[in-house]
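The structure appears right after this line, and notes come after that.
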Amino acid sequence: MSIQATLAGSSSTLHVLAPCCRRSARILLGRARSFATTNALSKEKLAILGSGWGGYRILQGIDKKRYDVTLISPVGHFNFTPLLAGASVGTLEFRCAVEGVRKYARQVTYHEAWADSIDFQKRSILCTTATPSPFGQDEGGRQKFHVKFDKLVIGVGAYANTFNTPGVKEHATFLKDVGDARRIRMRIIERFEQAASPNLSDTERRALLHFAIVGGGPTGIEFAAELHDLLSTDMPRYYPRIHKLASISVYEVSQHILGGFDEKLQEYASRRFQREGITLKKGHHVERVEETKLVTKEEGEVPAGLVVWSTGLALNPLIESLENVSKTKKALLTDGTLHVLDAQGKPMPDVWAIGDCAMVNDGPTLPATAQVASQKADFVTDVLNKLAKGRTPPDQEFKWKNKGSLAYLGDWKALYDRTAGGGGSASGTAAFILWRSAYYSLQLSWRNRITVPMYWFINFCFGRDITRF
């Protein structure tokens, strides 16, 4: 009765609140209708394989309101590969070189899994979870599942090419992702701690502190430069008695380093490395890698505390397993619009391939770089977004625009080469400023746009942190 009396005595208040209540009812009703609509069910299913420069770029740019997007990748992040060399020696922290995939969890479905096979006729992908579970279906605790698709973008990248060299997978370290950078950083500090033991001779210390890099391409050269910066600027402070025993060697099978760069820039890099004490072993063939040494055809056994392997790319196991498609020993074949070609050489209308796992049939050989993968991703994203809006994409083929190549050489020096694209080149400090500016501008989140220059500044002021934990 008291409640009824209160309501009866407050008619004026109800009269004021009534419009608000009516508006709230309309909002709730609208939400209920939106929840019950079949629009979400009518969206086409887009599957993206890989979270590298190609797959992650499409994930960013695709119209997620018009596509039901599923991303499949064994790692839950995108690796900003140009910064991995710096992260491996403490110039940057590891999180500066990655972008999380889960930040799109409200808009897309993400499966941390490997894509094992693709059935193009049934439009289905067989996947295996990358994270073991106590409820897994096999002995390793992993589960298998299928993902259906209407449209598919393959951007799984490529694996490091070992050329079947014995011992590489067991004893060498690659530099393909942030996990590799972490292992390298730990190994460097570990070797210095071991060499600091009072029971070792200088010969044994030199063996532990010999860092061998196999491959004279941009990745190997930039890691050698970053490592030299660490050894010359920070290690004398932490290991004053043994830092001079450390050495760096770069093993390259050809007679030139940085093969894709202009010859004058190659010579500049070689001269600079020689002045800095980095040994360039050109024309050397590595035959075997062991735990504490590598074996070359020219020199025999060479002691090494760390071997970083950076010698090119090999076919991804998924691409190798695909049937009824056109491919080479290196990549899938696509037409000029980046559609995958079937076994008869005809384009598959709803399947695209981008990045290091694909190449254009009868087209120019493009470098396996982030720049090419990103431009291919932008091309496919534009096509997919136009298709989702019911518009026919223009009948034009992908064209790569060469924006130039960059390589860091250490001590605030770098190379910039755009001669192949009709531009110029630069070396030294000016190229270093361009190198840092370019990679800063390519950061994909505001978090890293803040943290990357912050760590560069901290490193400049206080040096690298070599704490091992």
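Note on naming: chains are A, B, ... as they come in the structure tokens, residues start from 1 per chain, ligands start from 1 in the order shown.
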
Counting only C-alpha atoms, give me one row per residue of region 149-206 of chain A with an atom at most 6 Å from an atom of region 340-357 of chain A, showing the shortest contact pair and its distance in Å to one decimal, sorted by chain then residue number, as CSV.
residue,atom,partner,partner_atom,distance
A:Lys151,CA,A:Asp350,CA,4.9
A:Leu152,CA,A:Val351,CA,4.8
A:Val153,CA,A:Trp352,CA,4.8
A:Ile154,CA,A:Ala353,CA,4.5
A:Gly155,CA,A:Ile354,CA,5.2
A:Gly157,CA,A:Asp356,CA,4.7
A:Ala158,CA,A:Cys357,CA,5.6

**Request:** Pick out each residue of region 43-160 of chain A that DSSP on the backbone tags as strand (DSSP E); I need them as a ChimeraX atom specification.
**Result:** /A:44-49,67-73,77-79,98-100,109-119,124-129,144-148,151-154,159-160

Output the selection as a PDB file, in the first residue's frame - C-alpha atoms for each residue.
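This went into selection.pdb:
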ATOM      1  CA  GLU A  44      30.527 -13.635 -46.475  1.00  0.00           C
ATOM      2  CA  LYS A  45      33.124 -15.588 -44.555  1.00  0.00           C
ATOM      3  CA  LEU A  46      36.646 -14.311 -45.156  1.00  0.00           C
ATOM      4  CA  ALA A  47      39.531 -16.433 -43.885  1.00  0.00           C
ATOM      5  CA  ILE A  48      43.022 -14.935 -43.567  1.00  0.00           C
ATOM      6  CA  LEU A  49      45.967 -17.275 -43.109  1.00  0.00           C
ATOM      7  CA  TYR A  67      32.788  -9.595 -43.774  1.00  0.00           C
ATOM      8  CA  ASP A  68      32.737 -12.322 -41.167  1.00  0.00           C
ATOM      9  CA  VAL A  69      36.515 -12.401 -40.730  1.00  0.00           C
ATOM     10  CA  THR A  70      38.503 -15.333 -39.317  1.00  0.00           C
ATOM     11  CA  LEU A  71      42.262 -15.025 -38.847  1.00  0.00           C
ATOM     12  CA  ILE A  72      44.316 -18.215 -38.464  1.00  0.00           C
ATOM     13  CA  SER A  73      47.915 -17.900 -37.278  1.00  0.00           C
ATOM     14  CA  HIS A  77      51.008 -11.160 -32.894  1.00  0.00           C
ATOM     15  CA  PHE A  78      52.495  -9.427 -35.895  1.00  0.00           C
ATOM     16  CA  ASN A  79      56.297  -9.178 -36.015  1.00  0.00           C
ATOM     17  CA  VAL A  98      55.182  -6.743 -32.120  1.00  0.00           C
ATOM     18  CA  GLU A  99      51.528  -5.821 -32.529  1.00  0.00           C
ATOM     19  CA  GLY A 100      48.863  -7.940 -30.842  1.00  0.00           C
ATOM     20  CA  THR A 109      37.460 -14.461 -34.903  1.00  0.00           C
ATOM     21  CA  TYR A 110      41.045 -15.455 -34.200  1.00  0.00           C
ATOM     22  CA  HIS A 111      42.370 -19.007 -33.924  1.00  0.00           C
ATOM     23  CA  GLU A 112      45.915 -19.532 -32.666  1.00  0.00           C
ATOM     24  CA  ALA A 113      46.532 -22.503 -34.905  1.00  0.00           C
ATOM     25  CA  TRP A 114      48.375 -23.881 -37.896  1.00  0.00           C
ATOM     26  CA  ALA A 115      46.561 -24.354 -41.180  1.00  0.00           C
ATOM     27  CA  ASP A 116      47.394 -27.954 -42.143  1.00  0.00           C
ATOM     28  CA  SER A 117      45.524 -28.278 -45.427  1.00  0.00           C
ATOM     29  CA  ILE A 118      42.964 -26.521 -47.609  1.00  0.00           C
ATOM     30  CA  ASP A 119      40.072 -28.158 -49.462  1.00  0.00           C
ATOM     31  CA  SER A 124      37.304 -25.711 -45.777  1.00  0.00           C
ATOM     32  CA  ILE A 125      40.605 -25.353 -43.880  1.00  0.00           C
ATOM     33  CA  LEU A 126      41.888 -28.092 -41.579  1.00  0.00           C
ATOM     34  CA  CYS A 127      43.637 -26.512 -38.575  1.00  0.00           C
ATOM     35  CA  THR A 128      45.636 -27.705 -35.581  1.00  0.00           C
ATOM     36  CA  THR A 129      45.793 -25.657 -32.400  1.00  0.00           C
ATOM     37  CA  LYS A 144      42.052 -30.294 -34.912  1.00  0.00           C
ATOM     38  CA  PHE A 145      39.118 -28.361 -36.343  1.00  0.00           C
ATOM     39  CA  HIS A 146      37.764 -27.037 -39.643  1.00  0.00           C
ATOM     40  CA  VAL A 147      37.117 -23.449 -40.705  1.00  0.00           C
ATOM     41  CA  LYS A 148      34.736 -22.748 -43.593  1.00  0.00           C
ATOM     42  CA  LYS A 151      36.858 -16.051 -49.660  1.00  0.00           C
ATOM     43  CA  LEU A 152      40.415 -16.867 -48.667  1.00  0.00           C
ATOM     44  CA  VAL A 153      43.666 -14.914 -48.449  1.00  0.00           C
ATOM     45  CA  ILE A 154      46.829 -16.989 -48.036  1.00  0.00           C
ATOM     46  CA  TYR A 159      60.424 -20.604 -43.578  1.00  0.00           C
ATOM     47  CA  ALA A 160      64.156 -20.016 -43.178  1.00  0.00           C
TER      48      ALA A 160
END

**Asked** Using only C-alpha atoms, which residues sit within 10 Å of His243 (chain A) once same-chain residues fewer than 4 positions away are excluded, as a PyMOL selection string?
**Response** chain A and resi 192+195-196+205-206+209+231-232+234-239+247

Let's have the selection written as a JSON list (two decimals), in the first residue's frame, with N, CA and C atoms.
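As a result, again27.json now contains:
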[["chain", "number", "residue", "atom", "x", "y", "z"],
["A", 192, "PHE", "N", 78.69, -14.28, -22.43],
["A", 192, "PHE", "CA", 79.57, -13.38, -21.69],
["A", 192, "PHE", "C", 79.71, -13.81, -20.23],
["A", 195, "ALA", "N", 82.07, -16.69, -20.24],
["A", 195, "ALA", "CA", 83.45, -16.26, -20.51],
["A", 195, "ALA", "C", 84.06, -15.52, -19.33],
["A", 196, "ALA", "N", 83.23, -14.99, -18.45],
["A", 196, "ALA", "CA", 83.75, -14.28, -17.28],
["A", 196, "ALA", "C", 84.24, -15.21, -16.18],
["A", 205, "ARG", "N", 87.78, -18.30, -23.96],
["A", 205, "ARG", "CA", 86.90, -17.12, -23.94],
["A", 205, "ARG", "C", 86.64, -16.61, -25.36],
["A", 206, "ARG", "N", 87.67, -16.59, -26.18],
["A", 206, "ARG", "CA", 87.49, -16.15, -27.57],
["A", 206, "ARG", "C", 86.52, -17.06, -28.31],
["A", 209, "LEU", "N", 83.02, -16.16, -27.24],
["A", 209, "LEU", "CA", 82.61, -14.81, -27.63],
["A", 209, "LEU", "C", 82.78, -14.56, -29.13],
["A", 231, "LEU", "N", 78.52, -4.57, -28.47],
["A", 231, "LEU", "CA", 79.85, -4.97, -28.02],
["A", 231, "LEU", "C", 80.78, -3.78, -27.81],
["A", 232, "SER", "N", 80.60, -2.74, -28.61],
["A", 232, "SER", "CA", 81.53, -1.61, -28.54],
["A", 232, "SER", "C", 81.10, -0.52, -27.57],
["A", 234, "ASP", "N", 78.40, -0.93, -24.88],
["A", 234, "ASP", "CA", 77.85, -1.34, -23.59],
["A", 234, "ASP", "C", 78.67, -2.40, -22.88],
["A", 235, "MET", "N", 79.17, -3.38, -23.63],
["A", 235, "MET", "CA", 79.90, -4.46, -22.97],
["A", 235, "MET", "C", 81.20, -4.01, -22.29],
["A", 236, "PRO", "N", 81.93, -2.99, -22.76],
["A", 236, "PRO", "CA", 83.10, -2.53, -22.01],
["A", 236, "PRO", "C", 82.74, -2.05, -20.60],
["A", 237, "ARG", "N", 81.53, -1.58, -20.42],
["A", 237, "ARG", "CA", 81.10, -1.11, -19.10],
["A", 237, "ARG", "C", 80.77, -2.28, -18.17],
["A", 238, "TYR", "N", 80.19, -3.32, -18.73],
["A", 238, "TYR", "CA", 79.76, -4.45, -17.90],
["A", 238, "TYR", "C", 80.82, -5.55, -17.79],
["A", 239, "TYR", "N", 81.63, -5.72, -18.84],
["A", 239, "TYR", "CA", 82.66, -6.77, -18.85],
["A", 239, "TYR", "C", 84.00, -6.15, -19.26],
["A", 247, "SER", "N", 84.25, -11.16, -30.91],
["A", 247, "SER", "CA", 84.43, -10.91, -32.35],
["A", 247, "SER", "C", 83.17, -11.30, -33.11]]

**Asked** What is the distance, in Å and to one decimal place, between CA of Arg391 (chain A) and CA of Val325 (chain A)?
**Response** 28.0 Å

**Request:** Would you mind writing down, as a ChimeraX atom specification, each residue of region 95-175 of chain A that DSSP on the backbone assigns to alpha helix (DSSP H)?
**Result:** /A:168-171
